[in-house]
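Chemist: Structure in structure tokens, see below.
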Amino acid sequence: MSNDDDNRHTFFTRVRNSEVSKNFHRLGLLIAAIILTAGLLLMVKDTLGLRLWDLIPADIPILAGGIAIGLTGIGLVSLAAYGIVRAIGWAIDKSI
């Protein structure tokens, strides 16, 4: 086997591995987007059930804090799901 054959094999292995990484990146983004969308839809559902005319000005900071905590939680869960999917992709990529 010549040196050229070794380089070609290494190149094709690298291309195949990058395809695995790219596909897991896309899958991670899809799962994170689904989690984000579901969380935002649940927040909108809760907002629609809120009677805004019964709110007093003292309730606004409490409501804003709840929204901030909810958005932060949804973002962290989405980021964690993306990281887990990428870690699985990395492990599969290293095992090939």
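Identifiers in the structure tokens: chain A, B, ... in order shown; residue index from 1 per chain; ligand index from 1 in order shown.
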May I have the residues within 12 Å of Asp46 of chain A as a VMD selection string, using only C-alpha atoms and disregarding those fewer than 4 positions away in the same chain?

Modeler: chain A and resid 39 to 42 50 to 52 63 66 to 67 70

Chemist: Write out as a list in words each polymer residue whose atoms come within 12 Å of Ile92 of chain A, counting only C-alpha atoms; drop sequence neighbours fewer than 3 positions from it.

Modeler: Arg16, Asn17, Ser18, Glu19, Val20, Ser21, Asn23, Phe24, Val85, Arg86, Ala87, Ile88, Gly89, Ser95 and Ile96 of chain A

Chemist: Have a look at atom CA of Arg26 of chain A and atom CA of Ile74 of chain A and let me know their distance in Å, one decimal.

Modeler: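 Distance between the two atoms: 19.2 Å.
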
Chemist: Using only C-alpha atoms, which residue out of A:Met43, A:Ala32, A:Leu48, A:Ala38 lies closest to Ser78 of chain A?

Modeler: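 When distances to Ser78 of chain A are compared using only C-alpha atoms, the smallest one comes from A:Ala32.
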
Chemist: Can you tell me how far atom CA of Ala33 of chain A sits from atom CA of Thr72 of chain A, in Å to one decimal?

Modeler: 14.7 Å

Chemist: Which one is closest to Gly75 of chain A: A:Asp59, A:Trp53, A:Val44, A:Leu36? Count only C-alpha atoms.

Modeler: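 Ranked by minimum distance to Gly75 of chain A, first place goes to A:Leu36.
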
Chemist: Expressed in Å to a single decimal, how great is the separation between atom CA of Leu79 of chain A and atom CA of Leu29 of chain A?

Modeler: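 Atom-to-atom, atom CA of Leu79 of chain A to atom CA of Leu29 of chain A, that is 9.2 Å.
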